[in-house]
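Q: This is the content of target_6.csv (CSV, C-alpha atoms):
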```csv
chain,number,residue,atom,x,y,z
A,215,MET,CA,219.6,93.5,170.6
A,216,ALA,CA,220.4,95.7,173.5
A,217,VAL,CA,219.5,99.3,173.4
A,218,GLU,CA,222.5,101.6,173.8
A,219,ASN,CA,222.6,104.2,176.6
A,220,VAL,CA,221.9,107.6,175.1
A,221,SER,CA,220.2,110.7,176.4
A,222,VAL,CA,216.5,111.0,176.6
A,223,VAL,CA,216.6,114.1,174.4
A,224,PHE,CA,218.3,112.1,171.6
A,225,LYS,CA,215.8,109.3,171.9
A,226,VAL,CA,212.9,111.7,171.6
A,227,TYR,CA,214.6,113.3,168.6
A,228,CYS,CA,214.9,109.9,166.9
A,229,LEU,CA,211.3,109.0,167.6
A,230,SER,CA,210.0,112.4,166.5
A,231,VAL,CA,211.8,112.1,163.1
A,232,MET,CA,210.7,108.5,162.6
A,233,THR,CA,207.1,109.5,163.4
A,234,LEU,CA,207.1,112.5,161.0
A,235,VAL,CA,208.7,110.5,158.2
A,236,ALA,CA,206.2,107.6,158.6
A,237,ALA,CA,203.2,109.9,158.7
A,238,THR,CA,204.4,112.3,156.0
A,239,TYR,CA,205.4,109.5,153.6
A,240,THR,CA,201.9,107.9,153.5
A,241,VAL,CA,200.1,111.3,153.2
A,242,ALA,CA,202.5,112.6,150.5
A,243,LEU,CA,202.3,109.4,148.5
A,244,ARG,CA,198.5,109.4,148.8
A,245,TYR,CA,198.5,113.0,147.6
A,246,THR,CA,200.7,112.3,144.5
A,247,ARG,CA,198.5,109.4,143.5
A,248,THR,CA,195.1,111.0,143.9
A,249,ILE,CA,194.7,114.8,143.9
A,250,SER,CA,198.1,116.1,142.8
A,251,SER,CA,197.9,118.1,139.6
A,252,GLY,CA,199.9,117.0,136.5
A,253,ASP,CA,200.5,113.7,134.8
A,254,LEU,CA,200.6,110.6,136.9
A,255,TYR,CA,204.1,109.2,137.3
A,256,PHE,CA,205.2,105.5,137.0
A,257,SER,CA,205.3,104.1,140.5
A,258,THR,CA,207.8,101.4,139.4
A,259,THR,CA,210.4,104.0,138.5
A,260,ALA,CA,209.9,105.7,141.9
A,261,VAL,CA,210.7,102.4,143.6
A,262,CYS,CA,213.8,101.9,141.5
A,263,ILE,CA,215.1,105.4,142.2
A,264,THR,CA,214.5,104.8,145.9
A,265,GLU,CA,216.8,101.7,145.8
A,266,VAL,CA,219.5,103.7,144.0
A,267,ILE,CA,219.4,106.5,146.6
A,268,LYS,CA,219.5,103.9,149.4
A,269,LEU,CA,222.6,102.3,147.8
A,270,ILE,CA,224.3,105.7,147.6
A,271,LEU,CA,223.5,106.5,151.3
A,272,SER,CA,224.7,103.1,152.4
A,273,LEU,CA,228.0,103.6,150.6
A,274,VAL,CA,228.4,107.0,152.4
A,275,MET,CA,227.7,105.3,155.7
A,276,LEU,CA,230.2,102.5,155.0
A,277,ALA,CA,232.8,105.1,154.0
A,278,LYS,CA,232.2,106.8,157.3
A,279,GLU,CA,232.4,103.5,159.2
A,280,THR,CA,235.7,102.4,157.6
A,281,SER,CA,237.1,106.0,157.7
A,282,ASN,CA,239.8,105.0,155.2
A,283,PRO,CA,239.5,104.9,151.4
A,284,LEU,CA,241.7,101.8,151.2
A,285,ARG,CA,239.6,99.9,153.8
A,286,LEU,CA,236.5,101.0,152.0
A,287,LYS,CA,237.8,99.6,148.7
A,288,ASN,CA,238.8,96.3,150.3
A,289,ALA,CA,235.4,95.9,152.0
A,290,ILE,CA,233.6,96.5,148.7
A,291,VAL,CA,235.9,94.1,146.8
A,292,GLU,CA,235.7,91.4,149.4
A,293,HIS,CA,232.0,91.5,150.1
A,294,ILE,CA,230.7,92.5,146.7
A,295,PHE,CA,232.9,91.2,143.9
A,296,TYR,CA,234.2,88.1,145.7
A,297,SER,CA,231.0,87.1,147.4
A,298,PRO,CA,228.5,86.0,144.8
A,299,LYS,CA,226.8,83.6,147.2
A,300,GLU,CA,226.2,86.4,149.7
A,301,LEU,CA,224.7,88.6,147.0
A,302,LEU,CA,222.4,85.7,146.0
A,303,LYS,CA,221.4,85.3,149.6
A,304,LEU,CA,220.5,89.0,149.9
A,305,SER,CA,218.6,88.9,146.7
A,306,VAL,CA,215.7,87.2,148.5
A,307,PRO,CA,214.8,90.1,150.8
A,308,SER,CA,215.5,92.6,148.0
A,309,ILE,CA,212.9,90.9,145.8
A,310,VAL,CA,210.4,90.8,148.6
A,311,TYR,CA,211.0,94.4,149.6
A,312,ALA,CA,210.5,95.4,145.9
A,313,VAL,CA,207.1,93.8,145.9
A,314,GLN,CA,206.2,95.4,149.2
A,315,ASN,CA,207.2,98.9,148.0
A,316,ASN,CA,205.2,98.5,144.8
A,317,MET,CA,202.2,97.3,146.8
A,318,ALA,CA,202.3,100.5,148.9
A,319,PHE,CA,201.7,102.5,145.8
A,320,VAL,CA,198.8,100.3,144.8
A,321,ALA,CA,197.3,100.5,148.4
A,322,LEU,CA,197.6,104.3,148.7
A,323,SER,CA,196.0,104.7,145.3
A,324,ASN,CA,192.9,103.0,146.6
A,325,LEU,CA,192.8,103.7,150.4
A,326,ASP,CA,193.1,106.8,152.5
A,327,ALA,CA,196.4,107.4,154.2
A,328,ALA,CA,194.9,107.0,157.7
A,329,VAL,CA,193.2,103.8,156.8
A,330,TYR,CA,196.5,102.6,155.2
A,331,GLN,CA,198.5,103.6,158.3
A,332,VAL,CA,196.2,101.7,160.6
A,333,THR,CA,195.9,98.6,158.5
A,334,TYR,CA,199.6,98.4,157.8
A,335,GLN,CA,200.1,97.7,161.5
A,336,LEU,CA,199.2,94.1,160.6
A,337,LYS,CA,202.9,93.8,159.9
A,338,ILE,CA,203.3,93.4,163.7
A,339,PRO,CA,201.5,90.0,164.0
A,340,CYS,CA,203.0,88.9,160.6
A,341,THR,CA,206.5,89.7,161.9
A,342,ALA,CA,205.8,88.0,165.2
A,343,LEU,CA,204.7,84.8,163.4
A,344,CYS,CA,207.8,84.9,161.2
A,345,THR,CA,210.0,85.4,164.3
A,346,VAL,CA,208.4,82.4,166.0
A,347,LEU,CA,208.8,80.2,162.9
A,348,MET,CA,212.2,81.4,161.6
A,349,LEU,CA,214.1,82.5,164.7
A,350,ASN,CA,212.5,80.0,167.2
A,351,ARG,CA,211.5,82.8,169.6
A,352,SER,CA,208.4,82.8,171.8
A,353,LEU,CA,205.7,85.3,172.6
A,354,ASN,CA,204.2,85.8,176.0
A,355,ARG,CA,200.4,85.8,176.6
A,356,LEU,CA,200.2,89.6,176.6
A,357,GLN,CA,201.8,89.7,173.2
A,358,TRP,CA,199.5,87.1,171.8
A,359,PHE,CA,196.5,89.0,173.2
A,360,SER,CA,197.8,92.3,171.7
A,361,VAL,CA,198.2,90.5,168.3
A,362,PHE,CA,194.5,89.4,168.3
A,363,MET,CA,193.5,92.9,169.6
A,364,LEU,CA,195.3,94.5,166.7
A,365,CYS,CA,193.6,92.2,164.2
A,366,GLY,CA,190.3,93.1,165.7
A,367,GLY,CA,191.1,96.8,165.4
A,368,VAL,CA,192.0,96.5,161.7
A,369,THR,CA,188.8,94.5,161.1
A,370,LEU,CA,186.8,97.4,162.5
A,371,VAL,CA,188.7,99.9,160.3
A,372,GLN,CA,188.1,97.8,157.2
A,373,TRP,CA,184.5,96.9,158.1
A,374,LYS,CA,183.3,100.2,156.6
A,375,PRO,CA,186.3,102.2,155.4
A,376,ALA,CA,186.3,105.9,156.0
A,377,GLU,CA,185.7,107.9,152.8
A,378,ALA,CA,187.6,110.9,151.6
A,379,THR,CA,185.3,113.5,150.0
A,380,LYS,CA,188.0,115.5,148.2
A,381,VAL,CA,189.4,112.5,146.2
A,382,GLN,CA,187.6,112.3,142.9
A,383,ILE,CA,189.4,109.4,141.2
A,384,GLU,CA,187.9,105.9,141.0
A,385,GLN,CA,189.1,103.7,143.9
A,386,ASN,CA,188.7,100.1,144.9
A,387,PRO,CA,189.0,99.5,148.7
A,388,PHE,CA,189.2,95.7,148.2
A,389,VAL,CA,192.2,96.1,145.9
A,390,GLY,CA,193.8,98.5,148.4
A,391,PHE,CA,193.3,96.0,151.3
A,392,MET,CA,194.7,93.1,149.3
A,393,ALA,CA,197.7,95.2,148.4
A,394,ILE,CA,198.3,96.0,152.1
A,395,ALA,CA,197.9,92.3,152.9
A,396,VAL,CA,200.7,91.4,150.4
A,397,ALA,CA,202.8,94.3,151.7
A,398,VAL,CA,202.6,93.2,155.4
A,399,LEU,CA,203.4,89.6,154.5
A,400,CYS,CA,206.4,90.8,152.6
A,401,SER,CA,207.4,93.1,155.4
A,402,GLY,CA,207.2,90.4,158.0
A,403,PHE,CA,209.2,87.8,156.1
A,404,ALA,CA,211.8,90.1,154.7
A,405,GLY,CA,212.5,91.8,158.0
A,406,VAL,CA,213.0,88.6,159.9
A,407,TYR,CA,215.0,87.0,157.0
A,408,PHE,CA,217.3,90.1,157.0
A,409,GLU,CA,217.7,89.9,160.7
A,410,LYS,CA,218.7,86.3,160.5
A,411,VAL,CA,221.3,87.0,157.9
A,412,LEU,CA,222.7,89.9,159.9
A,413,LYS,CA,223.1,87.7,163.0
A,414,SER,CA,224.6,84.8,161.1
A,415,SER,CA,227.9,86.7,160.7
A,416,ASP,CA,229.8,89.8,161.8
A,417,THR,CA,229.5,91.5,158.5
A,418,SER,CA,228.7,95.2,158.7
A,419,LEU,CA,225.1,96.3,158.5
A,420,TRP,CA,226.0,98.8,155.7
A,421,VAL,CA,227.7,96.1,153.7
A,422,ARG,CA,224.6,93.9,154.0
A,423,ASN,CA,222.5,96.9,152.9
A,424,ILE,CA,224.7,97.5,149.9
A,425,GLN,CA,224.5,93.8,148.9
A,426,MET,CA,220.7,94.0,149.2
A,427,TYR,CA,220.2,97.3,147.4
A,428,LEU,CA,222.4,96.1,144.4
A,429,SER,CA,220.0,93.2,144.0
A,430,GLY,CA,217.1,95.5,144.6
A,431,ILE,CA,218.1,97.9,141.8
A,432,LEU,CA,218.2,94.9,139.3
A,433,VAL,CA,214.9,93.6,140.5
A,434,THR,CA,213.1,97.0,140.3
A,435,LEU,CA,214.5,97.6,136.8
A,436,ILE,CA,213.0,94.3,135.7
A,437,GLY,CA,209.8,95.5,137.3
A,438,VAL,CA,209.9,98.7,135.3
A,439,TYR,CA,210.5,96.8,132.1
A,440,MET,CA,207.7,94.3,132.7
A,441,ASN,CA,205.0,96.7,133.9
A,442,ASP,CA,205.7,100.0,132.3
A,443,GLY,CA,208.4,99.3,129.7
A,444,GLU,CA,206.7,100.6,126.6
A,445,LYS,CA,205.3,103.6,128.4
A,446,VAL,CA,208.7,104.5,129.8
A,447,LEU,CA,210.3,104.2,126.4
A,448,GLU,CA,207.6,106.4,124.9
A,449,LYS,CA,207.3,109.1,127.7
A,450,GLY,CA,210.6,108.8,129.6
A,451,PHE,CA,211.8,107.4,132.9
A,452,PHE,CA,211.0,110.6,134.9
A,453,TYR,CA,207.6,111.2,133.2
A,454,GLY,CA,205.2,112.9,135.6
A,455,TYR,CA,207.8,113.8,138.2
A,456,THR,CA,207.1,116.9,140.3
A,457,PRO,CA,208.7,118.3,143.5
A,458,SER,CA,206.1,116.4,145.5
A,459,VAL,CA,207.0,113.1,143.8
A,460,CYS,CA,210.7,113.7,144.5
A,461,PHE,CA,209.8,114.4,148.1
A,462,VAL,CA,208.1,111.0,148.3
A,463,VAL,CA,211.1,109.3,146.9
A,464,PHE,CA,213.3,111.1,149.4
A,465,LEU,CA,211.2,110.1,152.3
A,466,ALA,CA,211.1,106.4,151.2
A,467,SER,CA,214.9,106.4,150.8
A,468,VAL,CA,215.7,108.1,154.2
A,469,GLY,CA,212.9,106.3,156.1
A,470,GLY,CA,214.3,102.8,155.6
A,471,LEU,CA,217.8,103.7,156.7
A,472,TYR,CA,216.6,105.8,159.6
A,473,THR,CA,214.7,102.9,161.0
A,474,SER,CA,218.0,101.1,161.8
A,475,ILE,CA,219.1,104.1,163.9
A,476,VAL,CA,215.8,104.0,165.8
A,477,VAL,CA,216.1,100.3,166.4
A,478,LYS,CA,219.6,100.8,167.8
A,479,TYR,CA,218.9,103.6,170.2
A,480,THR,CA,215.3,103.1,171.3
A,481,ASP,CA,213.1,100.4,172.8
A,482,ASN,CA,209.8,98.8,171.7
A,483,ILE,CA,207.7,101.0,173.9
A,484,MET,CA,208.9,104.1,172.3
A,485,LYS,CA,208.5,102.6,168.9
A,486,GLY,CA,205.0,101.7,169.8
A,487,PHE,CA,204.2,105.3,170.8
A,488,SER,CA,205.8,106.4,167.5
A,489,ALA,CA,203.5,104.2,165.4
A,490,ALA,CA,200.5,105.4,167.3
A,491,ALA,CA,201.5,109.0,166.9
A,492,ALA,CA,202.0,108.4,163.1
A,493,ILE,CA,198.4,107.1,162.9
A,494,VAL,CA,197.1,110.2,164.7
A,495,LEU,CA,199.1,112.5,162.4
A,496,SER,CA,198.0,110.7,159.3
A,497,THR,CA,194.4,110.9,160.4
A,498,VAL,CA,194.6,114.6,161.0
A,499,ALA,CA,196.3,115.2,157.7
A,500,SER,CA,193.8,113.1,155.9
A,501,VAL,CA,190.9,115.1,157.3
A,502,MET,CA,192.5,118.4,156.3
A,503,LEU,CA,193.8,117.4,152.8
A,504,PHE,CA,191.5,114.7,151.6
A,505,GLY,CA,188.3,115.5,153.5
A,506,LEU,CA,188.3,112.1,155.4
A,507,GLN,CA,185.1,111.5,157.2
A,508,ILE,CA,185.8,109.8,160.5
A,509,THR,CA,183.4,107.0,161.4
A,510,PHE,CA,182.8,105.4,164.8
A,511,THR,CA,184.2,102.0,163.5
A,512,PHE,CA,187.3,103.7,162.2
A,513,ALA,CA,187.9,105.6,165.5
A,514,SER,CA,187.3,102.5,167.6
A,515,GLY,CA,189.5,100.3,165.4
A,516,ALA,CA,192.3,102.9,165.4
A,517,MET,CA,192.2,103.1,169.2
A,518,LEU,CA,192.4,99.3,169.5
A,519,VAL,CA,195.4,99.2,167.2
A,520,CYS,CA,197.2,102.0,169.2
A,521,VAL,CA,196.6,100.2,172.5
A,522,SER,CA,197.7,96.8,171.0
A,523,ILE,CA,200.9,98.3,169.7
A,524,TYR,CA,201.7,99.6,173.2
A,525,LEU,CA,200.9,96.3,174.8
A,526,TYR,CA,202.9,94.3,172.3
A,527,GLY,CA,206.0,96.5,173.0
A,528,LEU,CA,205.9,96.1,176.8
A,529,PRO,CA,209.0,94.3,178.0
A,530,LYS,CA,208.7,90.7,179.1
A,531,GLN,CA,208.5,90.2,182.8
A,532,ASP,CA,211.7,88.6,184.3
A,533,THR,CA,210.3,85.6,186.1
A,534,SER,CA,213.7,84.3,187.2
A,535,LYS,CA,213.8,86.4,190.4
A,536,VAL,CA,210.2,85.4,191.2
A,537,SER,CA,211.0,81.8,190.8
A,538,ARG,CA,214.1,82.0,192.9
A,539,SER,CA,212.2,83.8,195.7
A,540,GLU,CA,209.4,81.1,195.6
A,541,LYS,CA,212.0,78.4,195.9
A,542,GLU,CA,213.6,80.1,198.8
A,543,VAL,CA,210.2,80.4,200.6
A,544,ASP,CA,209.5,76.7,199.9
A,545,SER,CA,212.9,75.7,201.3
A,546,GLU,CA,212.3,77.7,204.4
A,547,LEU,CA,208.9,76.2,205.0
A,548,LYS,CA,210.3,72.7,204.5
A,549,GLN,CA,213.1,73.5,207.0
A,550,LYS,CA,210.6,74.7,209.5
A,551,LEU,CA,208.5,71.6,209.1
A,552,ILE,CA,211.6,69.4,209.6
A,553,ASN,CA,212.5,71.4,212.8
A,554,VAL,CA,209.0,70.9,214.1
```
Before anything else, please render the file you have as structure tokens.
A:
Amino acid sequence: MAVENVSVVFKVYCLSVMTLVAATYTVALRYTRTISSGDLYFSTTAVCITEVIKLILSLVMLAKETSNPLRLKNAIVEHIFYSPKELLKLSVPSIVYAVQNNMAFVALSNLDAAVYQVTYQLKIPCTALCTVLMLNRSLNRLQWFSVFMLCGGVTLVQWKPAEATKVQIEQNPFVGFMAIAVAVLCSGFAGVYFEKVLKSSDTSLWVRNIQMYLSGILVTLIGVYMNDGEKVLEKGFFYGYTPSVCFVVFLASVGGLYTSIVVKYTDNIMKGFSAAAAIVLSTVASVMLFGLQITFTFASGAMLVCVSIYLYGLPKQDTSKVSRSEKEVDSELKQKLINV
């Protein structure tokens, strides 16, 4: 996908917002699950509400794209009511994303935000593997090297996880790591699957989002019923909701949609810097809010992850010109030998 030509100021603005959203979301979610005062809310209901907000925002963006109420109605009727196969096709990533979002709550209930932010970068090698297998793309040697470097950095971070002194609730780092492992697998598969669906037709991105979020709402409602059904009926759907919880839901809703804008207007190098900056911001916030104690292994692993993200995002070298010049040199040498 080509990056559209826009001003550097706009690119910096997009990356700044993406960085702040990514870092703030993990820290705020961690805060609501560990040291926030009040009753603990049901994470399954938060995931469900997030899908509803995403659906509403996608409808707004589709209305802006069609710029006509009649065209909006026709698009919804054609692609929603008359396309059951497409809805079924988009139910696959919606189920996977629902699992991923719920795993994020489990992970941040057991791991510090900074540790989560670093470990979650395992989505890069997972996405790379899914891209190779599902889209028949290839990775260069530098990208493969960066993938192994990233895995090594995450191993260092998880070798002896940094502890937060201000968090008093019982935590299980192993459960947190397994939740992240499931989340990155879901992220890699769902992201590549959704990309493949998008490129298989000329259907609007916002239409595809609407199809996916409709399935997502149904899936997350089933999750609410299966995991917290009795408690929700007893205490209410919005039990334990505070302004900070609403803020987390807002960030989760906006973050997913904002990513598509960043992908459209920036390149991999800038996204790599954004991910690295989000790790740094999450670490600083964790030290201030949760009393995170930085260890040597954590600092070393986080540094390796940041460098690997940058290396992975470097553009592939265009070898066509090099190969052409080498052929020209060879032909000139051959001609000279013939003349001699």
Q: For Ile383 of chain A, which residue among A:Thr333, A:Ser250, A:Ser308, A:Ser272 is the nearest when counting all atoms listed in the file?
A: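 Looking only at the distances to Ile383 of chain A, the closest residue turns out to be A:Ser250.
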Q: Please measure the separation of atom CA of Arg244 of chain A and atom CA of Leu322 of chain A, giving the value in Å to one decimal.
A: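 Separation between atom CA of Arg244 of chain A and atom CA of Leu322 of chain A: 5.2 Å.
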Q: Pull the neighbourhood of (203.7, 93.1, 153.3) for me: all residues within 12 Å in file coordinates, counting all atoms listed in the file, as a PDB file with C-alpha atoms, in the coordinates of the input.
A:
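What follows is the written file selection05.pdb:
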```pdb
ATOM      1  CA  PRO A 307     214.800  90.100 150.800  1.00  0.00           C
ATOM      2  CA  VAL A 310     210.400  90.800 148.600  1.00  0.00           C
ATOM      3  CA  TYR A 311     211.000  94.400 149.600  1.00  0.00           C
ATOM      4  CA  ALA A 312     210.500  95.400 145.900  1.00  0.00           C
ATOM      5  CA  VAL A 313     207.100  93.800 145.900  1.00  0.00           C
ATOM      6  CA  GLN A 314     206.200  95.400 149.200  1.00  0.00           C
ATOM      7  CA  ASN A 315     207.200  98.900 148.000  1.00  0.00           C
ATOM      8  CA  ASN A 316     205.200  98.500 144.800  1.00  0.00           C
ATOM      9  CA  MET A 317     202.200  97.300 146.800  1.00  0.00           C
ATOM     10  CA  ALA A 318     202.300 100.500 148.900  1.00  0.00           C
ATOM     11  CA  ALA A 321     197.300 100.500 148.400  1.00  0.00           C
ATOM     12  CA  THR A 333     195.900  98.600 158.500  1.00  0.00           C
ATOM     13  CA  TYR A 334     199.600  98.400 157.800  1.00  0.00           C
ATOM     14  CA  GLN A 335     200.100  97.700 161.500  1.00  0.00           C
ATOM     15  CA  LEU A 336     199.200  94.100 160.600  1.00  0.00           C
ATOM     16  CA  LYS A 337     202.900  93.800 159.900  1.00  0.00           C
ATOM     17  CA  ILE A 338     203.300  93.400 163.700  1.00  0.00           C
ATOM     18  CA  PRO A 339     201.500  90.000 164.000  1.00  0.00           C
ATOM     19  CA  CYS A 340     203.000  88.900 160.600  1.00  0.00           C
ATOM     20  CA  THR A 341     206.500  89.700 161.900  1.00  0.00           C
ATOM     21  CA  PHE A 391     193.300  96.000 151.300  1.00  0.00           C
ATOM     22  CA  MET A 392     194.700  93.100 149.300  1.00  0.00           C
ATOM     23  CA  ALA A 393     197.700  95.200 148.400  1.00  0.00           C
ATOM     24  CA  ILE A 394     198.300  96.000 152.100  1.00  0.00           C
ATOM     25  CA  ALA A 395     197.900  92.300 152.900  1.00  0.00           C
ATOM     26  CA  VAL A 396     200.700  91.400 150.400  1.00  0.00           C
ATOM     27  CA  ALA A 397     202.800  94.300 151.700  1.00  0.00           C
ATOM     28  CA  VAL A 398     202.600  93.200 155.400  1.00  0.00           C
ATOM     29  CA  LEU A 399     203.400  89.600 154.500  1.00  0.00           C
ATOM     30  CA  CYS A 400     206.400  90.800 152.600  1.00  0.00           C
ATOM     31  CA  SER A 401     207.400  93.100 155.400  1.00  0.00           C
ATOM     32  CA  GLY A 402     207.200  90.400 158.000  1.00  0.00           C
ATOM     33  CA  PHE A 403     209.200  87.800 156.100  1.00  0.00           C
ATOM     34  CA  ALA A 404     211.800  90.100 154.700  1.00  0.00           C
ATOM     35  CA  GLY A 405     212.500  91.800 158.000  1.00  0.00           C
TER      36      GLY A 405
END
```
Q: Select, counting only C-alpha atoms, all protein, DNA and RNA residues no farther than 12 Å from (205.4, 107.8, 158.8) in file coordinates, and express the selection as a compact mmCIF listing (two decimals) with C-alpha atoms, in the frame of the given file.
A:
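This is the output file result03.txt:
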```txt
# COMPACT_ATOMS: atom_id res chain seq x y z
CA LEU A 229 211.30 109.00 167.60
CA SER A 230 210.00 112.40 166.50
CA VAL A 231 211.80 112.10 163.10
CA MET A 232 210.70 108.50 162.60
CA THR A 233 207.10 109.50 163.40
CA LEU A 234 207.10 112.50 161.00
CA VAL A 235 208.70 110.50 158.20
CA ALA A 236 206.20 107.60 158.60
CA ALA A 237 203.20 109.90 158.70
CA THR A 238 204.40 112.30 156.00
CA TYR A 239 205.40 109.50 153.60
CA THR A 240 201.90 107.90 153.50
CA VAL A 241 200.10 111.30 153.20
CA ALA A 242 202.50 112.60 150.50
CA LEU A 243 202.30 109.40 148.50
CA ALA A 327 196.40 107.40 154.20
CA ALA A 328 194.90 107.00 157.70
CA TYR A 330 196.50 102.60 155.20
CA GLN A 331 198.50 103.60 158.30
CA VAL A 332 196.20 101.70 160.60
CA TYR A 334 199.60 98.40 157.80
CA GLN A 335 200.10 97.70 161.50
CA VAL A 462 208.10 111.00 148.30
CA LEU A 465 211.20 110.10 152.30
CA ALA A 466 211.10 106.40 151.20
CA VAL A 468 215.70 108.10 154.20
CA GLY A 469 212.90 106.30 156.10
CA GLY A 470 214.30 102.80 155.60
CA TYR A 472 216.60 105.80 159.60
CA THR A 473 214.70 102.90 161.00
CA LYS A 485 208.50 102.60 168.90
CA SER A 488 205.80 106.40 167.50
CA ALA A 489 203.50 104.20 165.40
CA ALA A 490 200.50 105.40 167.30
CA ALA A 491 201.50 109.00 166.90
CA ALA A 492 202.00 108.40 163.10
CA ILE A 493 198.40 107.10 162.90
CA VAL A 494 197.10 110.20 164.70
CA LEU A 495 199.10 112.50 162.40
CA SER A 496 198.00 110.70 159.30
CA THR A 497 194.40 110.90 160.40
CA ALA A 499 196.30 115.20 157.70
```
Q: For segment 418-433 of chain A, work out the shell of residues within 9 Å, counting only C-alpha atoms and skipping chain neighbours fewer than 5 positions away, then give it as an MDAnalysis selection string.
A: chainID A and resid 261:266 268:270 272:273 275:276 279 289:290 293:294 300:309 311:312 408 411:412 438
Q: Restricting it to C-alpha atoms, dump the selection as a CSV table (one decimal), keeping the file's coordinate frame.
A:
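Written output follows (out16.csv):
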```
chain,number,residue,atom,x,y,z
A,261,VAL,CA,210.7,102.4,143.6
A,262,CYS,CA,213.8,101.9,141.5
A,263,ILE,CA,215.1,105.4,142.2
A,264,THR,CA,214.5,104.8,145.9
A,265,GLU,CA,216.8,101.7,145.8
A,266,VAL,CA,219.5,103.7,144.0
A,268,LYS,CA,219.5,103.9,149.4
A,269,LEU,CA,222.6,102.3,147.8
A,270,ILE,CA,224.3,105.7,147.6
A,272,SER,CA,224.7,103.1,152.4
A,273,LEU,CA,228.0,103.6,150.6
A,275,MET,CA,227.7,105.3,155.7
A,276,LEU,CA,230.2,102.5,155.0
A,279,GLU,CA,232.4,103.5,159.2
A,289,ALA,CA,235.4,95.9,152.0
A,290,ILE,CA,233.6,96.5,148.7
A,293,HIS,CA,232.0,91.5,150.1
A,294,ILE,CA,230.7,92.5,146.7
A,300,GLU,CA,226.2,86.4,149.7
A,301,LEU,CA,224.7,88.6,147.0
A,302,LEU,CA,222.4,85.7,146.0
A,303,LYS,CA,221.4,85.3,149.6
A,304,LEU,CA,220.5,89.0,149.9
A,305,SER,CA,218.6,88.9,146.7
A,306,VAL,CA,215.7,87.2,148.5
A,307,PRO,CA,214.8,90.1,150.8
A,308,SER,CA,215.5,92.6,148.0
A,309,ILE,CA,212.9,90.9,145.8
A,311,TYR,CA,211.0,94.4,149.6
A,312,ALA,CA,210.5,95.4,145.9
A,408,PHE,CA,217.3,90.1,157.0
A,411,VAL,CA,221.3,87.0,157.9
A,412,LEU,CA,222.7,89.9,159.9
A,438,VAL,CA,209.9,98.7,135.3
```
Q: From the list A:Val521, A:Val406, A:Asn386, A:Phe359, which residue is nearest Thr345 of chain A when using only C-alpha atoms?
A: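 For Thr345 of chain A, the nearest of the candidates is A:Val406.
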Q: Of the candidates A:Lys413, A:Asn354, A:Leu325, A:Glu444, which shows the shortest atom-to-atom distance to Phe388 of chain A, using only C-alpha atoms?
A: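 Counting only C-alpha atoms, the residue closest to Phe388 of chain A is A:Leu325.
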Q: For atom CA of Arg285 of chain A and atom CA of Pro298 of chain A, quote the distance in Å rounded to one decimal.
A: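 Those two atoms sit 19.9 Å apart.
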Q: So how many Å separate atom CA of Trp358 of chain A and atom CA of Tyr407 of chain A, to one decimal?
A: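 Answer for the atom CA of Trp358 of chain A to atom CA of Tyr407 of chain A separation: 21.4 Å.
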Q: Put the listed atoms of segment 255-272 of chain A in a box along x, y and z with 6 Å added on every side and give me the centre and edge lengths in Å to one decimal, as JSON.
A:
```
{"center_x": 214.4, "center_y": 105.3, "center_z": 144.7, "size_x": 32.6, "size_y": 19.8, "size_z": 27.4}
```
Q: From the options A:Phe512, A:Thr258, A:Tyr524, A:Gly454, which residue's atoms come nearest to Leu435 of chain A, counting all atoms listed in the file?
A: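 Of A:Phe512, A:Thr258, A:Tyr524, A:Gly454, the one nearest Leu435 of chain A is A:Thr258, counting all atoms listed in the file.
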Q: Taking all atoms listed in the file into account, which of A:Met517, A:Leu254, A:Val226, A:Leu284 comes nearest Lys449 of chain A?
A: A:Leu254
Q: Which of these, A:Gly252, A:Leu271, A:Ser360, A:Val223, has the shortest distance to Phe464 of chain A once you count all atoms listed in the file?
A: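 Comparing A:Gly252, A:Leu271, A:Ser360, A:Val223 against Phe464 of chain A, the winner is A:Leu271.
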Q: Set the distance at 10 Å and use all atoms listed in the file: which residues neighbour Phe510 of chain A once local chain neighbours fewer than 6 positions away are removed? I'd like the list as a CSV table (one decimal) with C-alpha atoms, in the frame of the given file.
A:
```csv
chain,number,residue,atom,x,y,z
A,370,LEU,CA,186.8,97.4,162.5
A,371,VAL,CA,188.7,99.9,160.3
A,374,LYS,CA,183.3,100.2,156.6
A,376,ALA,CA,186.3,105.9,156.0
A,516,ALA,CA,192.3,102.9,165.4
```
